[in-house]
Amino acid sequence: MIERNLIQQAVDTFAKAKRLRCVCHRNPDGDAIGSITAMAQLLELNFPNATVELFCVDPAPPTFGFLPLAHRIKQELKPEEGDVFIYLDSAEPKLTEYHETLPQIFGGTWPSVCIDHHPTNSRFATVNIIVPEASSTCEILVDIADTLGWSLNPDIATCLLTGVYTDTGGLVHSNTTSRVYRTVARLLKAGARQQMIVQQVFRSAKISTLRLWGRVLEKISITPEGGAISALTEGDFRATGADYSELTGAIDYVNAVPGMKFSLVLAERAGKVKGSLRTLRDDVDVSKMAGAFQGGGHKKAAGFAVSGKLVPEVRWKVQQDQAN
Ligand SMILES: [Mn+2]
């Protein structure tokens, strides 16, 4: 899948460094945390003379706190303390949010390696290992490790399996190829703690999250255009004690109503209304709908944000008693 030559270039870059610095994108998801923690462990094992540090502008979400090294992710990055930067799951410098304060780490002043699966990756690093057909950055790391003969212990395999699981929605998204199943088998063989991932990531939710989702589900309405729509005001967030990030995933339930063209969840946040759009249909392009509100995304998943607030609209009609 990946050119051996490219992997060798990355290894040569690592080998010259005394201080290896791994960086993943802001608002890190399971693939970002899984890939940064797995990469750091692989580097520590295979380059024992180098120091390895992990950076992200946001700390690891509590959900992924069970992963080895998640607690070692630091927010403040001092570029002069690194020789080589390794970017994981990050399609563009701005997604790391270090681009404004530390533009020099992306400019080729330091050698860098980017490992990512986003087709939109801007190839900003010195060595770019970009595999759009991979389900996740973690899947690419399994390939790299196997190509190099780097062994995977249960800790590393658990981090990698977390990324593969979360980016495929628990092996249900359309990116769940036969190669993904082979990768999962490979990771289970290496001792990945699959049940721990299932429990921590897919089978646990805070009470505030469940209450927020309850409101999303309760407020679903069906529009004449064939949309399943729900909306949350700031009052809903206050009443449930949930924060905005806890809304992630609720739209998949709204999108489950059969026969709908699209689903939309609107939410108020700090003077803006954010919209998330999904569709299961091939003949509907929700990125175009989001574009009408200066948003964007993919054909089947998109979003937008506009300044303003939500105002309920109630429609009433008179139903006359039937005359006998
Ligand atoms: Mn990813």
# chains A, B, ... in the order shown; residues from 1 in each chain; ligands from 1

call {"tool": "residues_near_ligand", "arguments": {"ligand": "ligand 1", "cutoff": "8 Å", "atoms": "only C-alpha atoms and all ligand atoms", "output": "ChimeraX atom specification"}}
result
/A:29-32,89,116-118,135-138,163,167

call {"tool": "residues_around", "arguments": {"residues": "Arg238 in chain A", "least_positions_apart": "3", "cutoff": "12 Å", "atoms": "only C-alpha atoms", "output": "NGL selection string"}}
result
:A and (208-209 or 211-212 or 232-235 or 241-244 or 268-269)

call {"tool": "residues_around", "arguments": {"residues": "range 8-13 of chain A", "least_positions_apart": "6", "cutoff": "12 Å", "atoms": "only C-alpha atoms", "output": "short mmCIF file (atom, residue, chain, number, x, y, z; two decimals) with N, CA and C atoms, in the first residue's frame"}}
result
data_model
loop_
_atom_site.label_atom_id
_atom_site.label_comp_id
_atom_site.auth_asym_id
_atom_site.auth_seq_id
_atom_site.Cartn_x
_atom_site.Cartn_y
_atom_site.Cartn_z
N ILE A 2 1.90 1.31 0.87
CA ILE A 2 2.75 2.50 0.92
C ILE A 2 4.10 2.15 0.31
N ARG A 19 15.56 14.59 19.44
CA ARG A 19 14.32 14.98 20.10
C ARG A 19 13.16 14.90 19.09
N LEU A 20 12.34 13.87 19.25
CA LEU A 20 11.22 13.64 18.33
C LEU A 20 9.95 14.21 18.95
N LEU A 42 6.06 3.60 19.51
CA LEU A 42 6.90 2.95 18.49
C LEU A 42 8.24 3.65 18.38
N LEU A 43 8.22 4.98 18.46
CA LEU A 43 9.48 5.74 18.35
C LEU A 43 10.37 5.49 19.57
N ASN A 46 11.96 2.03 19.16
CA ASN A 46 12.86 1.82 18.04
C ASN A 46 13.98 2.85 17.93
N PHE A 47 13.84 3.95 18.66
CA PHE A 47 14.91 4.96 18.70
C PHE A 47 15.20 5.30 20.16
N ASP A 83 13.80 18.38 17.19
CA ASP A 83 14.61 18.26 15.97
C ASP A 83 13.75 17.86 14.79
N VAL A 84 12.74 17.03 15.07
CA VAL A 84 11.87 16.52 14.01
C VAL A 84 10.43 16.55 14.52
N PHE A 85 9.53 17.03 13.68
CA PHE A 85 8.12 17.04 14.04
C PHE A 85 7.38 15.97 13.24
N ILE A 86 6.54 15.24 13.95
CA ILE A 86 5.76 14.17 13.30
C ILE A 86 4.29 14.52 13.47
N TYR A 87 3.61 14.77 12.35
CA TYR A 87 2.20 15.18 12.38
C TYR A 87 1.31 13.98 12.09
N TRP A 110 12.39 22.85 10.24
CA TRP A 110 12.69 21.56 10.84
C TRP A 110 12.20 20.46 9.90
N PRO A 111 12.95 19.37 9.81
CA PRO A 111 12.40 18.25 9.03
C PRO A 111 11.13 17.73 9.70
N SER A 112 10.20 17.27 8.90
CA SER A 112 8.95 16.79 9.48
C SER A 112 8.39 15.64 8.65
N VAL A 113 7.56 14.85 9.32
CA VAL A 113 6.91 13.71 8.67
C VAL A 113 5.42 13.82 8.97
N CYS A 114 4.59 13.73 7.94
CA CYS A 114 3.14 13.77 8.16
C CYS A 114 2.56 12.41 7.77
N ILE A 115 1.79 11.83 8.66
CA ILE A 115 1.13 10.55 8.39
C ILE A 115 -0.37 10.78 8.54
N ALA A 125 4.43 18.68 5.05
CA ALA A 125 5.64 18.23 5.75
C ALA A 125 6.77 17.94 4.77
N THR A 126 7.94 17.61 5.29
CA THR A 126 9.07 17.26 4.42
C THR A 126 8.83 15.89 3.80
N VAL A 127 8.37 14.95 4.63
CA VAL A 127 8.02 13.61 4.13
C VAL A 127 6.53 13.40 4.40
N ASN A 128 5.77 13.10 3.36
CA ASN A 128 4.32 12.96 3.52
C ASN A 128 3.87 11.55 3.19
N ILE A 129 3.37 10.84 4.20
CA ILE A 129 2.82 9.51 3.97
C ILE A 129 1.30 9.65 4.06
N ILE A 144 2.99 0.64 8.36
CA ILE A 144 4.37 1.12 8.48
C ILE A 144 5.16 0.22 9.43
N ALA A 145 4.57 -0.08 10.58
CA ALA A 145 5.26 -0.92 11.57
C ALA A 145 5.56 -2.30 10.99
N THR A 147 5.84 -3.15 7.80
CA THR A 147 6.84 -3.02 6.73
C THR A 147 8.25 -2.97 7.32
N LEU A 148 8.37 -2.27 8.44
CA LEU A 148 9.69 -2.09 9.06
C LEU A 148 10.06 -3.23 10.01
N TRP A 150 8.76 -3.55 12.92
CA TRP A 150 8.64 -3.06 14.29
C TRP A 150 7.54 -3.86 14.97
#

call {"tool": "residues_around", "arguments": {"residues": "Val273 in chain A", "least_positions_apart": "3", "cutoff": "12 Å", "atoms": "only C-alpha atoms", "output": "MDAnalysis selection string"}}
result
chainID A and resid 231:234 244 265:270 276 293 295 303:311

call {"tool": "select_by_dssp", "arguments": {"residues": "range 100-315 of chain A", "states": "helix (DSSP H, G or I)", "output": "JSON, numbers by chain"}}
result
{"A": [103, 104, 105, 106, 137, 138, 139, 140, 141, 142, 143, 144, 145, 146, 147, 148, 154, 155, 156, 157, 158, 159, 160, 161, 162, 163, 164, 165, 166, 167, 178, 179, 180, 181, 182, 183, 184, 185, 186, 187, 188, 189, 194, 195, 196, 197, 198, 199, 200, 201, 202, 207, 208, 209, 210, 211, 212, 213, 214, 215, 216, 217, 218, 234, 235, 236, 237, 238, 239, 240, 244, 245, 246, 247, 251, 252, 253, 254, 286, 287, 288, 289, 290, 291]}
